[in-house]
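Inspection log for the structure reproduced underneath, given as structure tokens.
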Amino acid sequence: MQKRYRLTNSRSFDYLYRKGTCVREGLVVLYYAPSNRGMRVGFSVSKKVGKSVVRNKTKRRLKEAFRKHIPEIKHGFNYLVVARPQLADCDFCQIEEFLLKVLAKAGMTEAK
RNA sequence: UGAGACAGUCGGAUAAACGCAGCCCGCAAGGGGUGAGGAAAGUCCGGGCAUCGCAAGGCAGGGUGCCGGCUAACUACCGGUGAAGGCGACUUCAAGGAAAGUGCAACAGAAAUAAACCGCCCGCAAGGGUAAGGAUGGAAAGGCGAGGUAAGAGCUCACCGCUCGCUCGGCGACGAGGGAGGCACUGUAAACCCCACCCGAUGCAAGAGAAAACGACGGUAUGCGGUCGCCUGCCGCGUCGGAAAAUCGCUUGAGGCGCGCGGCAACGCGCGUCCUAGACAGAUGUUUAUCCUCGACAGAACUCGGCUUACAGACUGUCUCGCCCC
RNA sequence: GCACCAUUAGCUCAACUGGAUAGAGCGUCGGUCUACGGAACCGAAGGUUAGGGAUUCGAACUCCUUAUGGUGCG
């Protein structure tokens, strides 16, 4: 995922946690809020998920899943994807499925 | 063939497509190449590097403690000595001083650093001699045997231990031999302590750029401040905002690999060769194909040398003890 | 990343300078009382002193090491 799509400071994270709309689906939680600088996304995998190896792997898979679907996702919003602990046990297909579901529930996927 | 000791190595492979982080080439489009570990971990020691006030003196505090070597440095590495354990290969050990001084040693026991409860002997008794035997304890006055005696006793003797000289070997710790003393002198220093040696503090969130203009508050040296707990000494004259981000530090280093030489080894020297992550919400994933033994512990954040801890499985070398066969 | 602290019964804390049996409150369980319950009173159970090793005659206490939890520094 290219750098221009990333959230890069903790202020944005705090803003999304406080003011963003929250949608839960399965083992993935999504926060989103309107943005005036295109689309940006951050990923949060806490220490509850596991050790550093497990957390990094989970985060990479989330990134890859998000990246595959960037063209279908509405721009003009900031997103924050939070992983729940059991997500570390899922394979990539499940993670992708959870991500698409939560985005659909939020109404952020554009009809093809 | 079985059991074991020590040392060491590897840590799924190959290919393609789409992606990610630096780097290089290119005007651009794009292309090329590189990309986690043996422990990257814990942060237990020691350095490099950086800043602080000249890093100076003293006290306090801390660390280390057989000998020799190695190193940038270390108590942690290597080799040896001694002690303990193991049939053995081999392993483990913070291993100076208790005769500088102080403290502690519960309970038990007659008695705990000191001598008399029972006992034994002499004696009518009073009293005296004695440290063999007894129970306690972690520790009980060198051990054991013989002589000796009223009974006993290093009182005497042999052996062993201890202490102090001597000779020889070793750089040394120490070892071997032989001699003398005649047992005074319990343990504990990871108790205080003594002796010897070492240590300034803070850590890349260090710090550099970086210095200010200006504004607000305070207001005079017997004071205040200044990366040492205290003192001396030294230096400066206040505090806050301005000030936040980007950049640098940031990867060529006591570097890796190979060969040769010296050394038992740690390690050193020489030659050749390679450049091999450098992010800052923080880079390794997804899909497909083939193969196998179906893949453990685990993710760099300034850096290096050690230590410790985690680890599926596979492999190599040297050695020890047993059993069987020739 | 760096610097530190703590761990004792189910919970909150004691235990002196290392000395034998690790103690208190709350909670739990049993009993007395009551028609029943609460309160009160009586009694009991509950401990690998976080794990391992070392020093010592002897360790909750001293030393080393590991684990877990927590704190500070932008």
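Within each chain, counting starts at residue 1; across the structure tokens, chains are named A, B, ... in the order shown, with ligands numbered 1 upward in that order.
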Discussion item. Which residues are close to G69 in chain C, i.e. within 12 Å by only C-alpha atoms (C1' of nucleotides), leaving aside same-chain residues fewer than 5 positions away? Reply as a PyMOL selection string.
Written reply: chain C and resi 5-7+50
Worksheet entry | Every residue of chain A that DSSP places in helix (DSSP H, G or I), as a ChimeraX atom specification | /A:3-5,10-19,52-68,70-72,85-89,92-106
Fill in: Shell of 12 Å around A212 in chain B, only C-alpha atoms (C1' of nucleotides), local chain residues under 2 positions omitted, as a ChimeraX atom specification
/B:210,214,242
Practice prompt. Compile the residues of chain A that lie within 7 Å of chain B, evaluated using only C-alpha atoms (C1' of nucleotides), and express the compilation as a PyMOL selection string.
Written response: chain A and resi 1+7-9+52-53+60-61+64
Write to file, as a PDB file, in the first residue's frame, the residues of the selection just made, with N, CA and C atoms.
ATOM      1  N   MET A   1       0.844  -1.197   0.000  1.00  0.00           N
ATOM      2  CA  MET A   1       0.000   0.000   0.000  1.00  0.00           C
ATOM      3  C   MET A   1       0.873   1.238   0.000  1.00  0.00           C
ATOM      4  N   LEU A   7      -2.518   6.679   7.271  1.00  0.00           N
ATOM      5  CA  LEU A   7      -2.615   7.631   8.380  1.00  0.00           C
ATOM      6  C   LEU A   7      -1.266   7.660   9.079  1.00  0.00           C
ATOM      7  N   THR A   8      -0.730   8.872   9.307  1.00  0.00           N
ATOM      8  CA  THR A   8       0.646   8.924   9.788  1.00  0.00           C
ATOM      9  C   THR A   8       0.831   9.728  11.065  1.00  0.00           C
ATOM     10  N   ASN A   9      -0.215  10.007  11.788  1.00  0.00           N
ATOM     11  CA  ASN A   9       0.060  10.630  13.089  1.00  0.00           C
ATOM     12  C   ASN A   9      -1.011  10.255  14.093  1.00  0.00           C
ATOM     13  N   SER A  52       4.865  -9.928  18.810  1.00  0.00           N
ATOM     14  CA  SER A  52       5.157  -9.008  17.714  1.00  0.00           C
ATOM     15  C   SER A  52       5.071  -9.714  16.364  1.00  0.00           C
ATOM     16  N   VAL A  53       5.496 -10.967  16.301  1.00  0.00           N
ATOM     17  CA  VAL A  53       5.427 -11.683  15.031  1.00  0.00           C
ATOM     18  C   VAL A  53       3.982 -11.820  14.585  1.00  0.00           C
ATOM     19  N   ARG A  60      -0.103  -7.003   8.243  1.00  0.00           N
ATOM     20  CA  ARG A  60       0.236  -7.131   6.819  1.00  0.00           C
ATOM     21  C   ARG A  60      -0.937  -7.698   6.037  1.00  0.00           C
ATOM     22  N   ARG A  61      -1.593  -8.668   6.610  1.00  0.00           N
ATOM     23  CA  ARG A  61      -2.713  -9.286   5.904  1.00  0.00           C
ATOM     24  C   ARG A  61      -3.864  -8.291   5.761  1.00  0.00           C
ATOM     25  N   GLU A  64      -2.910  -5.904   2.977  1.00  0.00           N
ATOM     26  CA  GLU A  64      -3.044  -6.515   1.664  1.00  0.00           C
ATOM     27  C   GLU A  64      -4.514  -6.621   1.265  1.00  0.00           C
TER      28      GLU A  64
END
Practice prompt. Fewer than 4 positions away in the same chain doesn't count, so skip those; otherwise give me all residues within 12 Å of Lys47 in chain A, counting only C-alpha atoms (C1' of nucleotides), as a list of chain:residue names.
Written response: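 With the cut-off at 12 Å, the set is A:Lys51, A:Ser52, A:Val53, A:Val54, A:Arg55, A:Asn56, A:Thr58, A:Val82, A:Ala83, A:Arg84, A:Pro85, A:Ala88.
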Residue subset to file, keeping C-alpha atoms, as a PDB file, in the first residue's frame:
ATOM      1  CA  LYS A  51       3.418 -11.311  20.134  1.00  0.00           C
ATOM      2  CA  SER A  52       5.157  -9.008  17.714  1.00  0.00           C
ATOM      3  CA  VAL A  53       5.427 -11.683  15.031  1.00  0.00           C
ATOM      4  CA  VAL A  54       1.701 -12.393  15.184  1.00  0.00           C
ATOM      5  CA  ARG A  55       0.762  -8.713  15.268  1.00  0.00           C
ATOM      6  CA  ASN A  56       2.934  -7.850  12.285  1.00  0.00           C
ATOM      7  CA  THR A  58      -2.036  -9.753  11.059  1.00  0.00           C
ATOM      8  CA  VAL A  82      -8.959  -2.453  14.391  1.00  0.00           C
ATOM      9  CA  ALA A  83      -8.256  -6.144  14.800  1.00  0.00           C
ATOM     10  CA  ARG A  84      -9.814  -8.186  17.560  1.00  0.00           C
ATOM     11  CA  PRO A  85      -7.663 -10.824  19.295  1.00  0.00           C
ATOM     12  CA  ALA A  88      -4.725 -13.782  14.428  1.00  0.00           C
TER      13      ALA A  88
END
Worksheet item: Could you name the residues that touch U113 in chain B at 12 Å or less, counting only C-alpha atoms (C1' of nucleotides), but leaving out those on the same chain fewer than 4 positions away, as a list in words?
Response: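 Here the answer would be A105, A139, A140, A141, C185, U186 and G187 of chain B.
Straight-line separation from C1' of A189 in chain B to C1' of A106 in chain B: 21.1 Å.
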Discussion item. I need the residues in range 41-107 of chain A that are strand (DSSP E or B) according to DSSP; give them as a PyMOL selection string.
Written reply: chain A and resi 41-44+73+77-83
Discussion item. Taking 2 positions as the minimum chain separation for residues in the same chain, which residues sit within 10 Å of G268 in chain B when counting only C-alpha atoms (C1' of nucleotides)? Answer as a PyMOL selection string.
Written reply: chain B and resi 70+262-263
Worksheet item: Val81 in chain A: which residues within 7 Å, counting only C-alpha atoms (C1' of nucleotides), same-chain residues fewer than 2 positions away excluded, as a PyMOL selection string?
Response: chain A and resi 28-31+42-44+79+83
Residue subset to file, keeping C-alpha atoms, as a JSON list (two decimals), in the first residue's frame:
[["chain", "number", "residue", "atom", "x", "y", "z"],
["A", 28, "VAL", "CA", -12.94, -6.51, 12.62],
["A", 29, "VAL", "CA", -13.93, -3.07, 13.84],
["A", 30, "LEU", "CA", -14.04, -0.09, 11.49],
["A", 31, "TYR", "CA", -13.98, 3.59, 12.40],
["A", 42, "GLY", "CA", -4.72, 3.18, 9.56],
["A", 43, "PHE", "CA", -4.52, -0.24, 11.11],
["A", 44, "SER", "CA", -4.50, -0.98, 14.80],
["A", 79, "TYR", "CA", -10.58, 4.80, 7.94],
["A", 83, "ALA", "CA", -8.26, -6.14, 14.80]]
Worksheet item: For the atom pair C1' of G25 in chain C and C1' of A9 in chain C, what is the interatomic distance in Å to one decimal place?
Response: 12.4 Å
Practice prompt. Could you please determine the separation between C1' of G236 in chain B and C1' of A56 in chain B in Å, to one decimal place?
Written response: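 Computing the Euclidean distance for C1' of G236 in chain B and C1' of A56 in chain B yields 18.5 Å.
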